[in-house]
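S.K.: The file below is work-v3.tsv, TSV, C-alpha atoms:
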chain	number	residue	atom	x	y	z
A	1	LEU	CA	133.30	22.68	86.43
A	2	PHE	CA	131.68	20.19	84.07
A	3	ASN	CA	131.41	17.60	86.84
A	4	SER	CA	130.00	20.13	89.30
A	5	PHE	CA	127.20	20.79	86.84
A	6	HIS	CA	126.74	17.27	85.49
A	7	GLU	CA	127.17	15.02	88.55
A	8	PRO	CA	124.67	16.46	91.10
A	9	PRO	CA	121.65	16.76	88.76
A	10	THR	CA	122.44	13.30	87.39
A	11	MET	CA	122.31	11.91	90.93
A	12	ASP	CA	119.20	14.02	91.67
A	13	ILE	CA	117.26	12.47	88.82
A	14	SER	CA	116.92	9.13	90.52
A	15	SER	CA	116.95	10.38	94.13
A	16	MET	CA	113.17	10.21	94.51
A	17	ARG	CA	112.91	6.73	92.99
A	18	ASN	CA	115.86	5.43	95.02
A	19	ASN	CA	114.23	6.60	98.24
A	20	SER	CA	110.67	5.61	97.34
A	21	MET	CA	110.37	3.05	100.15
A	22	LEU	CA	111.41	5.63	102.72
A	23	LEU	CA	109.10	8.28	101.27
A	24	ARG	CA	106.14	5.88	101.39
A	25	LYS	CA	106.63	5.01	105.05
A	26	VAL	CA	107.74	8.23	106.73
A	27	TYR	CA	107.14	11.89	106.05
A	28	ILE	CA	110.43	13.48	105.10
A	29	PRO	CA	110.78	16.85	103.39
A	30	LYS	CA	111.41	15.68	99.83
A	31	TYR	CA	113.66	18.58	98.91
A	32	ILE	CA	116.31	17.10	101.26
A	33	PHE	CA	117.31	14.53	98.64
A	34	PRO	CA	118.21	16.94	95.80
A	35	LEU	CA	119.88	19.30	98.29
A	36	GLN	CA	122.01	16.46	99.66
A	37	LYS	CA	123.19	15.50	96.16
A	38	ILE	CA	124.18	19.09	95.38
A	39	CYS	CA	126.13	19.39	98.64
A	40	PHE	CA	127.89	16.10	97.89
A	41	GLY	CA	128.79	17.32	94.39
A	42	LEU	CA	130.08	20.61	95.74
A	43	VAL	CA	132.31	18.91	98.32
A	44	ASN	CA	133.54	16.51	95.63
A	45	CYS	CA	134.34	19.47	93.37
A	46	LEU	CA	136.23	21.25	96.14
A	47	PHE	CA	138.37	18.15	96.71
A	48	SER	CA	139.17	18.01	93.01
A	49	PHE	CA	140.37	21.61	93.23
A	50	ILE	CA	142.87	20.57	95.89
A	51	ALA	CA	144.38	18.27	93.26
A	52	LEU	CA	144.29	21.16	90.77
A	53	PHE	CA	146.22	23.43	93.15
A	54	ILE	CA	148.81	20.73	93.80
A	55	VAL	CA	149.33	20.35	90.05
A	56	MET	CA	149.54	24.14	89.69
A	57	ILE	CA	152.23	24.27	92.37
A	58	ILE	CA	154.21	21.38	90.88
A	59	THR	CA	154.07	22.85	87.36
A	60	ARG	CA	154.77	26.33	88.74
A	61	ALA	CA	151.67	27.78	87.17
A	62	PRO	CA	150.94	31.28	88.43
A	63	LEU	CA	148.69	31.43	91.49
A	64	HIS	CA	146.79	34.70	91.25
A	65	PRO	CA	145.29	36.46	94.28
A	66	THR	CA	141.92	36.36	92.48
A	67	ILE	CA	141.82	32.59	92.85
A	68	LEU	CA	139.42	32.89	95.80
A	69	LEU	CA	136.99	34.79	93.58
A	70	GLY	CA	136.53	31.51	91.70
A	71	LEU	CA	134.29	30.43	94.56
A	72	TYR	CA	131.53	32.78	93.38
A	73	PRO	CA	130.96	31.11	90.00
A	74	LEU	CA	131.34	27.72	91.67
A	75	LEU	CA	128.73	28.44	94.35
A	76	THR	CA	126.28	30.08	91.95
A	77	LEU	CA	126.71	27.11	89.61
A	78	ALA	CA	125.80	24.85	92.56
A	79	VAL	CA	122.60	26.85	93.12
A	80	PHE	CA	121.89	26.71	89.37
A	81	SER	CA	122.44	22.93	89.46
A	82	LEU	CA	120.14	22.58	92.47
A	83	GLY	CA	117.32	24.18	90.50
A	84	ILE	CA	117.93	21.91	87.53
A	85	GLY	CA	118.24	18.89	89.82
A	86	MET	CA	114.91	19.64	91.46
A	87	ILE	CA	113.20	19.93	88.09
A	88	LEU	CA	114.78	16.72	86.82
A	89	SER	CA	114.05	14.72	89.97
A	90	ALA	CA	110.40	15.79	89.82
A	91	LEU	CA	110.10	14.96	86.13
A	92	ALA	CA	111.85	11.60	86.50
A	93	VAL	CA	109.18	10.41	88.92
A	94	PHE	CA	106.60	10.75	86.15
A	95	PHE	CA	108.77	10.13	83.07
A	96	ARG	CA	111.62	7.63	83.38
A	97	ASP	CA	113.07	8.59	80.00
A	98	VAL	CA	114.23	11.89	81.49
A	99	ILE	CA	117.20	10.01	82.95
A	100	HIS	CA	118.45	8.90	79.53
A	101	LEU	CA	117.63	12.18	77.82
A	102	TRP	CA	119.60	14.09	80.46
A	103	GLU	CA	122.73	12.04	79.72
A	104	VAL	CA	122.47	12.83	76.01
A	105	PHE	CA	121.72	16.50	76.72
A	106	THR	CA	124.70	16.96	79.04
A	107	THR	CA	127.05	15.35	76.53
A	108	ILE	CA	125.91	17.81	73.89
A	109	LEU	CA	126.03	20.64	76.42
A	110	MET	CA	129.63	19.81	77.31
A	111	TRP	CA	130.72	20.43	73.74
A	112	VAL	CA	128.62	23.58	73.30
A	113	SER	CA	129.74	25.25	76.50
A	114	ALA	CA	133.42	25.73	75.69
A	115	SER	CA	134.72	23.52	78.48
A	116	PHE	CA	137.85	22.56	76.56
A	117	TYR	CA	138.25	25.49	74.20
A	118	THR	CA	137.47	29.18	73.83
A	119	PRO	CA	134.87	30.21	71.24
A	120	ASP	CA	137.19	32.76	69.63
A	121	GLN	CA	139.39	29.89	68.39
A	122	PHE	CA	136.87	29.24	65.62
A	123	GLY	CA	136.81	32.80	64.27
A	124	ASN	CA	133.08	32.51	63.63
A	125	ALA	CA	131.01	35.28	65.24
A	126	LEU	CA	127.76	33.35	64.79
A	127	LEU	CA	129.16	30.30	66.58
A	128	GLU	CA	130.54	32.50	69.35
A	129	GLY	CA	127.08	34.05	69.77
A	130	VAL	CA	125.40	30.65	70.00
A	131	ILE	CA	127.90	29.45	72.62
A	132	ALA	CA	127.44	32.68	74.60
A	133	LEU	CA	123.70	31.90	74.94
A	134	ASN	CA	124.55	28.87	77.06
A	135	PRO	CA	124.44	29.86	80.77
A	136	ARG	CA	127.01	27.22	81.66
A	137	TYR	CA	129.52	28.90	79.36
A	138	ARG	CA	129.27	32.06	81.48
A	139	TYR	CA	130.06	30.14	84.67
A	140	ILE	CA	133.08	28.50	83.03
A	141	THR	CA	134.31	31.83	81.68
A	142	ALA	CA	133.95	33.55	85.06
A	143	PHE	CA	135.81	30.74	86.80
A	144	ARG	CA	138.51	30.64	84.12
A	145	ASP	CA	139.01	34.42	84.31
A	146	THR	CA	139.57	34.43	88.07
A	147	VAL	CA	141.59	31.23	88.51
A	148	MET	CA	143.63	30.99	85.31
A	149	TYR	CA	143.96	34.57	84.13
A	150	GLY	CA	143.96	36.46	87.45
A	151	GLN	CA	141.16	38.83	86.43
A	152	LEU	CA	138.50	40.27	88.67
A	153	LEU	CA	134.91	39.30	88.00
A	154	SER	CA	133.13	41.94	85.97
A	155	GLY	CA	129.80	43.34	87.09
A	156	GLY	CA	128.15	41.52	84.19
A	157	GLN	CA	129.64	38.20	85.24
A	158	ILE	CA	128.53	38.67	88.85
A	159	LEU	CA	125.03	39.68	87.78
A	160	PHE	CA	124.67	36.97	85.14
A	161	CYS	CA	125.88	34.11	87.36
A	162	GLY	CA	123.75	35.21	90.31
A	163	ALA	CA	120.63	35.93	88.25
A	164	TRP	CA	120.69	32.61	86.39
A	165	ALA	CA	121.25	30.75	89.65
A	166	LEU	CA	118.29	32.46	91.34
A	167	VAL	CA	116.00	32.04	88.32
A	168	MET	CA	116.80	28.35	87.98
A	169	LEU	CA	116.41	27.78	91.74
A	170	ALA	CA	113.03	29.54	91.73
A	171	LEU	CA	111.88	27.50	88.74
A	172	GLY	CA	113.13	24.28	90.34
A	173	LEU	CA	111.37	25.05	93.62
A	174	LEU	CA	108.15	25.87	91.78
A	175	VAL	CA	108.13	22.64	89.75
A	176	PHE	CA	109.17	20.53	92.73
A	177	LYS	CA	106.60	22.05	95.08
A	178	LYS	CA	103.75	21.62	92.59
A	179	THR	CA	104.56	17.95	91.93
A	180	GLN	CA	105.93	16.60	95.23
A	181	ASP	CA	102.54	15.56	96.62
A	182	LYS	CA	102.05	13.17	93.68
A	183	PHE	CA	105.45	11.48	93.99
A	184	VAL	CA	104.26	8.63	96.19
A	185	LEU	CA	101.47	7.78	93.72
A	186	TYR	CA	103.88	7.30	90.80
A	187	MET	CA	106.77	5.50	92.53
The structure given in the file should be rewritten as structure tokens.
M.R.:
Amino acid sequence: LFNSFHEPPTMDISSMRNNSMLLRKVYIPKYIFPLQKICFGLVNCLFSFIALFIVMIITRAPLHPTILLGLYPLLTLAVFSLGIGMILSALAVFFRDVIHLWEVFTTILMWVSASFYTPDQFGNALLEGVIALNPRYRYITAFRDTVMYGQLLSGGQILFCGAWALVMLALGLLVFKKTQDKFVLYM
């Protein structure tokens, strides 16, 4: 799930600058570029899950019936990433340093979102609380629960993943819509 969060917004950041010549010559709805990157990242993630399932079959890992429920955290994470990608692509038109800061931020975020460990391994309640504040941690936990542990999504997980996705999408649309008319002037 790290790549499905990291890859599309990273590609979104430079999508406006990479298509500046096209945007200057022809009117194209600008939101198409971030949306295309998110769809590409989602398809790429789904192909990587094919490899995961093959490995699970070869290693005889248990395949739970709840495995299809893993699509919900994956799809809501894609919507969440779309919102972030729209914000980043709008900001990168005006501030080029956003590209480099995003790389540093996502590296830190990877280690603070329990991608490779569970927070209870540390035995520190304060650290567990800090990690739980990270929205990405909730997506990873929901996906892990359904695919690896065969658990149903709880009402809190469904609500949290959906709410964060919608809030981030709304924020991304707001920032993008307010700034998109100035893109051509700064490219």
S.K.: Can you tell me, as a list in words, what residues are no more than 9 Å from Gln157 of chain A when counting only C-alpha atoms, ignoring any on the same chain fewer than 4 positions away?
M.R.: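 So, after excluding close chain neighbours, the residues are Pro73, Arg138, Tyr139, Thr141, Ala142, Leu153, Cys161 and Gly162 of chain A.
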S.K.: Neighbours of Leu77 of chain A within 10 Å (all atoms listed in the file; same-chain residues fewer than 5 positions away dropped), as an MDAnalysis selection string?
M.R.: chainID A and resid 1 4:5 42 71:72 82:83 135:136 138:140 161:162 164:165
S.K.: Extract, using all atoms listed in the file, all DNA, RNA and protein residues at most 7 Å from Phe176 of chain A, discarding same-chain residues fewer than 5 positions from it, and format them as an MDAnalysis selection string.
M.R.: chainID A and resid 86:87 90
S.K.: Find the residue from A:Ile13, A:Ala132, A:Leu63, A:Leu185 that sits nearest to Phe160 of chain A; use all atoms listed in the file when measuring.
M.R.: A:Ala132
S.K.: Within 9 Å of Ser115 of chain A, counting only C-alpha atoms, which residues show up once you throw out same-chain ones fewer than 2 positions away? Write them as JSON, numbers by chain, please.
M.R.: {"A": [1, 2, 110, 111, 112, 113, 117, 118, 137, 140, 141]}
S.K.: Between atom CA of Asn19 of chain A and atom CA of Leu46 of chain A, what is the distance in Å, rounded to a tenth?
M.R.: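 If I compute the distance from atom CA of Asn19 of chain A to atom CA of Leu46 of chain A, I get 26.5 Å.
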S.K.: Find, counting only C-alpha atoms, the residue in A:Thr59, A:Asn134, A:Ser15, A:Thr146 that gets nearest to Gln36 of chain A.
M.R.: A:Ser15
S.K.: What does the distance between atom CA of Phe40 of chain A and atom CA of Pro8 of chain A come to in Å, to one decimal place?
M.R.: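 Taking atom CA of Phe40 of chain A as the start and atom CA of Pro8 of chain A as the end point, the length is 7.5 Å.
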S.K.: Find the spatial neighbours of segment 97-108 of chain A, counting only C-alpha atoms, within a cut-off of 9 Å - ignore same-chain residues fewer than 4 positions away - and output them as a list in words.
M.R.: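 Close residues of segment 97-108 of chain A: His6, Pro9, Thr10, Ile13, Ser14, Leu88, Ser89, Leu91, Ala92, Val112 and Ser113 of chain A.
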